[in-house]
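Single-structure report; data block below.
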Amino acid sequence: MALYIDPPTWPGHGRMWSHLVSDVSYDELHAFAARIGAPRRAFERDHYDVPSDRYASAVAEGAIEVGSKELLRRLTEAGLRRPKRDFPRA
């Protein structure tokens, strides 16, 4: 049971963002995100987008810091990856 977060290097909406994932389940991910104050709308397919100002609190709560490639590898190996191609736009 682990949660992983990559560095806040993803720009958007005038901020920098991290990705937060679980290697166990979406339930675990949602519960952890709620504990750090991430709104449910920050969930996108298989991860939460976490703004840089919440990065430290995610790590303090137990998220493991990894690089983006490692985060993707762990998410994929857990069978929780949901690529964009599986979610066509309406």
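The chains in the structure tokens are called A, B, ... from first to last as shown; in each chain the residues are counted from 1, and the ligands are counted from 1 in the order shown.
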Selection near Ile5 of chain A, 8 Å with only C-alpha atoms, sequence-local residues under 4 positions removed, as a VMD selection string
chain A and resid 18 to 21 58 to 59 63 to 67 71
Emit the selected residues as a compact mmCIF listing (two decimals), in the first residue's frame, including all heavy atoms.
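The file below, part.txt, is the result:
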```txt
# COMPACT_ATOMS: atom_id res chain seq x y z
N SER A 18 1.66 18.58 -9.49
CA SER A 18 2.17 17.22 -9.33
C SER A 18 1.04 16.25 -9.65
O SER A 18 -0.12 16.64 -9.69
CB SER A 18 2.61 16.97 -7.88
OG SER A 18 3.69 17.78 -7.53
N HIS A 19 1.42 14.99 -9.81
CA HIS A 19 0.44 13.92 -9.96
C HIS A 19 0.55 13.01 -8.74
O HIS A 19 1.65 12.65 -8.33
CB HIS A 19 0.71 13.10 -11.22
CG HIS A 19 0.62 13.90 -12.46
ND1 HIS A 19 1.70 14.07 -13.30
CD2 HIS A 19 -0.40 14.60 -13.01
CE1 HIS A 19 1.33 14.82 -14.32
NE2 HIS A 19 0.07 15.17 -14.16
N LEU A 20 -0.59 12.63 -8.20
CA LEU A 20 -0.65 11.74 -7.04
C LEU A 20 -1.37 10.47 -7.45
O LEU A 20 -2.47 10.54 -8.02
CB LEU A 20 -1.43 12.44 -5.90
CG LEU A 20 -1.68 11.62 -4.64
CD1 LEU A 20 -0.37 11.39 -3.88
CD2 LEU A 20 -2.69 12.35 -3.75
N VAL A 21 -0.73 9.31 -7.21
CA VAL A 21 -1.32 8.02 -7.59
C VAL A 21 -1.18 7.01 -6.46
O VAL A 21 -0.37 7.17 -5.55
CB VAL A 21 -0.66 7.43 -8.87
CG1 VAL A 21 -0.75 8.40 -10.03
CG2 VAL A 21 0.78 7.02 -8.62
N ALA A 58 1.34 16.60 1.14
CA ALA A 58 1.16 15.24 0.64
C ALA A 58 2.31 14.35 1.08
O ALA A 58 2.11 13.21 1.52
CB ALA A 58 1.03 15.24 -0.88
N VAL A 59 3.51 14.87 1.00
CA VAL A 59 4.69 14.11 1.43
C VAL A 59 4.67 13.90 2.95
O VAL A 59 4.94 12.79 3.43
CB VAL A 59 5.99 14.80 0.97
CG1 VAL A 59 7.22 14.13 1.56
CG2 VAL A 59 6.07 14.83 -0.56
N ALA A 63 2.94 10.39 1.20
CA ALA A 63 3.17 10.14 -0.23
C ALA A 63 4.67 10.03 -0.48
O ALA A 63 5.46 10.81 0.07
CB ALA A 63 2.57 11.26 -1.08
N ILE A 64 5.05 9.09 -1.30
CA ILE A 64 6.46 8.85 -1.61
C ILE A 64 6.84 9.65 -2.84
O ILE A 64 6.19 9.55 -3.89
CB ILE A 64 6.70 7.34 -1.84
CG1 ILE A 64 6.32 6.56 -0.58
CG2 ILE A 64 8.14 7.08 -2.25
CD1 ILE A 64 6.22 5.07 -0.78
N GLU A 65 7.92 10.43 -2.71
CA GLU A 65 8.39 11.25 -3.81
C GLU A 65 9.12 10.38 -4.83
O GLU A 65 10.06 9.67 -4.48
CB GLU A 65 9.34 12.33 -3.29
CG GLU A 65 8.70 13.28 -2.30
CD GLU A 65 9.69 14.21 -1.66
OE1 GLU A 65 10.33 13.76 -0.68
OE2 GLU A 65 9.85 15.34 -2.13
N VAL A 66 8.66 10.44 -6.09
CA VAL A 66 9.31 9.72 -7.18
C VAL A 66 9.28 10.61 -8.42
O VAL A 66 8.50 11.56 -8.49
CB VAL A 66 8.60 8.37 -7.51
CG1 VAL A 66 8.71 7.40 -6.35
CG2 VAL A 66 7.16 8.58 -7.90
N GLY A 67 10.12 10.29 -9.38
CA GLY A 67 10.09 11.00 -10.65
C GLY A 67 8.86 10.61 -11.45
O GLY A 67 8.19 9.61 -11.16
N LEU A 71 6.64 7.15 -11.34
CA LEU A 71 5.23 7.21 -10.98
C LEU A 71 4.39 6.48 -12.02
O LEU A 71 3.54 5.66 -11.67
CB LEU A 71 4.81 8.68 -10.85
CG LEU A 71 3.37 8.92 -10.44
CD1 LEU A 71 3.31 10.04 -9.41
CD2 LEU A 71 2.53 9.30 -11.63
```
Find the residues near Arg81 of chain A: any atom within 12 Å, counting only C-alpha atoms, skip ones fewer than 2 places away on the same chain, and give them as a compact mmCIF listing (two decimals) with N, CA and C atoms, in the first residue's frame.
```txt
# COMPACT_ATOMS: atom_id res chain seq x y z
N VAL A 21 -0.73 9.31 -7.21
CA VAL A 21 -1.32 8.02 -7.59
C VAL A 21 -1.18 7.01 -6.46
N SER A 22 -1.98 5.96 -6.55
CA SER A 22 -1.90 4.82 -5.64
C SER A 22 -1.43 3.61 -6.43
N ASP A 23 -0.77 2.69 -5.74
CA ASP A 23 -0.41 1.42 -6.39
C ASP A 23 -1.31 0.29 -5.89
N VAL A 24 -2.43 0.67 -5.21
CA VAL A 24 -3.34 -0.32 -4.65
C VAL A 24 -4.74 -0.19 -5.22
N SER A 25 -5.34 1.00 -5.05
CA SER A 25 -6.73 1.17 -5.49
C SER A 25 -7.08 2.65 -5.59
N TYR A 26 -8.16 2.90 -6.32
CA TYR A 26 -8.68 4.26 -6.40
C TYR A 26 -9.30 4.66 -5.07
N GLU A 44 -8.35 12.96 -12.16
CA GLU A 44 -8.43 12.83 -13.62
C GLU A 44 -8.03 11.41 -14.03
N ARG A 45 -9.01 10.60 -14.35
CA ARG A 45 -8.86 9.23 -14.84
C ARG A 45 -8.19 8.28 -13.86
N ASP A 46 -6.95 8.55 -13.47
CA ASP A 46 -6.20 7.61 -12.63
C ASP A 46 -5.29 8.31 -11.62
N HIS A 47 -5.39 9.62 -11.53
CA HIS A 47 -4.51 10.38 -10.64
C HIS A 47 -5.20 11.65 -10.18
N LEU A 71 6.64 7.15 -11.34
CA LEU A 71 5.23 7.21 -10.98
C LEU A 71 4.39 6.48 -12.02
N LEU A 72 4.63 6.75 -13.28
CA LEU A 72 3.88 6.10 -14.36
C LEU A 72 4.13 4.59 -14.36
N ARG A 73 5.37 4.18 -14.12
CA ARG A 73 5.70 2.75 -14.08
C ARG A 73 4.93 2.05 -12.97
N ARG A 74 4.90 2.64 -11.79
CA ARG A 74 4.21 2.03 -10.65
C ARG A 74 2.70 1.98 -10.87
N LEU A 75 2.15 3.03 -11.46
CA LEU A 75 0.72 3.06 -11.75
C LEU A 75 0.36 1.99 -12.77
N THR A 76 1.17 1.84 -13.79
CA THR A 76 0.93 0.84 -14.84
C THR A 76 1.07 -0.57 -14.28
N GLU A 77 2.13 -0.83 -13.51
CA GLU A 77 2.34 -2.16 -12.93
C GLU A 77 1.22 -2.55 -11.97
N ALA A 78 0.59 -1.56 -11.34
CA ALA A 78 -0.52 -1.85 -10.43
C ALA A 78 -1.81 -2.13 -11.18
N GLY A 79 -1.80 -1.93 -12.50
CA GLY A 79 -2.99 -2.16 -13.30
C GLY A 79 -4.04 -1.05 -13.16
N PRO A 83 -5.30 5.30 -19.72
CA PRO A 83 -4.82 6.26 -20.73
C PRO A 83 -5.94 7.13 -21.29
N LYS A 84 -5.57 8.31 -21.75
CA LYS A 84 -6.54 9.23 -22.34
C LYS A 84 -7.31 8.59 -23.49
N ARG A 85 -6.64 7.75 -24.26
CA ARG A 85 -7.31 7.14 -25.42
C ARG A 85 -8.52 6.30 -25.00
N ASP A 86 -8.57 5.88 -23.74
CA ASP A 86 -9.70 5.10 -23.23
C ASP A 86 -10.87 5.98 -22.80
N PHE A 87 -10.68 7.29 -22.86
CA PHE A 87 -11.69 8.25 -22.43
C PHE A 87 -11.91 9.29 -23.51
```
Please report, as a VMD selection string, each residue of chain A to which DSSP assigns helix (DSSP H, G or I) when run on this structure's backbone.
chain A and resid 26 to 35 40 to 42 52 to 60 68 to 77 84 to 86
Go ahead and save the picked residues with N, CA and C atoms, as an mmCIF file, in the first residue's frame.
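What landed in out_18.cif:
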```cif
data_model
loop_
_atom_site.group_PDB
_atom_site.id
_atom_site.type_symbol
_atom_site.label_atom_id
_atom_site.label_comp_id
_atom_site.auth_asym_id
_atom_site.auth_seq_id
_atom_site.Cartn_x
_atom_site.Cartn_y
_atom_site.Cartn_z
ATOM 1 N N TYR A 26 -8.163 2.897 -6.321
ATOM 2 C CA TYR A 26 -8.682 4.263 -6.397
ATOM 3 C C TYR A 26 -9.300 4.664 -5.067
ATOM 4 N N ASP A 27 -9.868 3.726 -4.327
ATOM 5 C CA ASP A 27 -10.425 4.040 -3.010
ATOM 6 C C ASP A 27 -9.342 4.590 -2.092
ATOM 7 N N GLU A 28 -8.181 3.935 -2.079
ATOM 8 C CA GLU A 28 -7.059 4.412 -1.270
ATOM 9 C C GLU A 28 -6.657 5.815 -1.729
ATOM 10 N N LEU A 29 -6.592 6.016 -3.026
ATOM 11 C CA LEU A 29 -6.201 7.313 -3.574
ATOM 12 C C LEU A 29 -7.194 8.404 -3.169
ATOM 13 N N HIS A 30 -8.489 8.135 -3.308
ATOM 14 C CA HIS A 30 -9.506 9.124 -2.946
ATOM 15 C C HIS A 30 -9.447 9.458 -1.453
ATOM 16 N N ALA A 31 -9.264 8.466 -0.608
ATOM 17 C CA ALA A 31 -9.194 8.696 0.836
ATOM 18 C C ALA A 31 -7.987 9.562 1.188
ATOM 19 N N PHE A 32 -6.838 9.265 0.577
ATOM 20 C CA PHE A 32 -5.638 10.041 0.846
ATOM 21 C C PHE A 32 -5.809 11.477 0.359
ATOM 22 N N ALA A 33 -6.357 11.629 -0.838
ATOM 23 C CA ALA A 33 -6.562 12.968 -1.399
ATOM 24 C C ALA A 33 -7.471 13.791 -0.484
ATOM 25 N N ALA A 34 -8.491 13.172 0.052
ATOM 26 C CA ALA A 34 -9.390 13.883 0.971
ATOM 27 C C ALA A 34 -8.633 14.340 2.221
ATOM 28 N N ARG A 35 -7.736 13.489 2.717
ATOM 29 C CA ARG A 35 -6.954 13.850 3.914
ATOM 30 C C ARG A 35 -6.071 15.065 3.679
ATOM 31 N N ARG A 40 -12.367 16.440 -5.069
ATOM 32 C CA ARG A 40 -12.623 15.315 -5.980
ATOM 33 C C ARG A 40 -12.490 15.748 -7.452
ATOM 34 N N ARG A 41 -12.779 17.017 -7.740
ATOM 35 C CA ARG A 41 -12.655 17.500 -9.121
ATOM 36 C C ARG A 41 -11.198 17.486 -9.610
ATOM 37 N N ALA A 42 -10.238 17.332 -8.694
ATOM 38 C CA ALA A 42 -8.828 17.260 -9.075
ATOM 39 C C ALA A 42 -8.445 15.866 -9.565
ATOM 40 N N SER A 52 1.403 22.819 -6.411
ATOM 41 C CA SER A 52 2.705 22.839 -5.735
ATOM 42 C C SER A 52 2.602 23.245 -4.271
ATOM 43 N N ASP A 53 1.629 24.078 -3.908
ATOM 44 C CA ASP A 53 1.528 24.491 -2.511
ATOM 45 C C ASP A 53 0.991 23.387 -1.593
ATOM 46 N N ARG A 54 0.530 22.273 -2.153
ATOM 47 C CA ARG A 54 0.086 21.129 -1.338
ATOM 48 C C ARG A 54 1.055 19.947 -1.425
ATOM 49 N N TYR A 55 2.122 20.109 -2.177
ATOM 50 C CA TYR A 55 3.103 19.034 -2.354
ATOM 51 C C TYR A 55 3.686 18.602 -1.001
ATOM 52 N N ALA A 56 4.161 19.561 -0.219
ATOM 53 C CA ALA A 56 4.795 19.235 1.070
ATOM 54 C C ALA A 56 3.821 18.524 2.009
ATOM 55 N N SER A 57 2.557 18.933 2.014
ATOM 56 C CA SER A 57 1.604 18.275 2.902
ATOM 57 C C SER A 57 1.326 16.846 2.449
ATOM 58 N N ALA A 58 1.337 16.604 1.139
ATOM 59 C CA ALA A 58 1.156 15.236 0.637
ATOM 60 C C ALA A 58 2.312 14.346 1.083
ATOM 61 N N VAL A 59 3.514 14.872 1.003
ATOM 62 C CA VAL A 59 4.694 14.108 1.427
ATOM 63 C C VAL A 59 4.666 13.895 2.946
ATOM 64 N N ALA A 60 4.297 14.928 3.685
ATOM 65 C CA ALA A 60 4.215 14.805 5.145
ATOM 66 C C ALA A 60 3.181 13.756 5.561
ATOM 67 N N SER A 68 8.576 11.393 -12.468
ATOM 68 C CA SER A 68 7.380 11.164 -13.280
ATOM 69 C C SER A 68 7.374 9.807 -13.964
ATOM 70 N N LYS A 69 8.525 9.379 -14.470
ATOM 71 C CA LYS A 69 8.601 8.076 -15.144
ATOM 72 C C LYS A 69 8.373 6.932 -14.159
ATOM 73 N N GLU A 70 8.926 7.070 -12.967
ATOM 74 C CA GLU A 70 8.733 6.046 -11.930
ATOM 75 C C GLU A 70 7.273 6.001 -11.497
ATOM 76 N N LEU A 71 6.645 7.151 -11.345
ATOM 77 C CA LEU A 71 5.234 7.212 -10.976
ATOM 78 C C LEU A 71 4.386 6.484 -12.015
ATOM 79 N N LEU A 72 4.634 6.750 -13.279
ATOM 80 C CA LEU A 72 3.883 6.101 -14.357
ATOM 81 C C LEU A 72 4.128 4.590 -14.355
ATOM 82 N N ARG A 73 5.368 4.178 -14.124
ATOM 83 C CA ARG A 73 5.697 2.747 -14.080
ATOM 84 C C ARG A 73 4.926 2.054 -12.967
ATOM 85 N N ARG A 74 4.902 2.645 -11.793
ATOM 86 C CA ARG A 74 4.210 2.033 -10.655
ATOM 87 C C ARG A 74 2.697 1.980 -10.870
ATOM 88 N N LEU A 75 2.149 3.026 -11.455
ATOM 89 C CA LEU A 75 0.723 3.062 -11.755
ATOM 90 C C LEU A 75 0.359 1.986 -12.775
ATOM 91 N N THR A 76 1.167 1.845 -13.794
ATOM 92 C CA THR A 76 0.931 0.844 -14.836
ATOM 93 C C THR A 76 1.069 -0.571 -14.284
ATOM 94 N N GLU A 77 2.129 -0.829 -13.510
ATOM 95 C CA GLU A 77 2.344 -2.157 -12.930
ATOM 96 C C GLU A 77 1.219 -2.554 -11.971
ATOM 97 N N LYS A 84 -5.566 8.311 -21.749
ATOM 98 C CA LYS A 84 -6.541 9.230 -22.341
ATOM 99 C C LYS A 84 -7.307 8.588 -23.490
ATOM 100 N N ARG A 85 -6.645 7.748 -24.257
ATOM 101 C CA ARG A 85 -7.314 7.138 -25.417
ATOM 102 C C ARG A 85 -8.525 6.299 -25.001
ATOM 103 N N ASP A 86 -8.570 5.882 -23.736
ATOM 104 C CA ASP A 86 -9.699 5.097 -23.235
ATOM 105 C C ASP A 86 -10.870 5.978 -22.804
#
```
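Atom to atom, atom CA of Met16 of chain A and atom CA of Ile36 of chain A stand 17.1 Å apart.
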For atom CA of Val50 of chain A and atom CA of Trp17 of chain A, determine how far apart the two atoms are, in Å to one decimal place.
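About the pair atom CA of Val50 of chain A and atom CA of Trp17 of chain A: they are 5.4 Å apart.
In this structure, atom CA of Gly12 of chain A sits 13.8 Å away from atom CA of Tyr48 of chain A.
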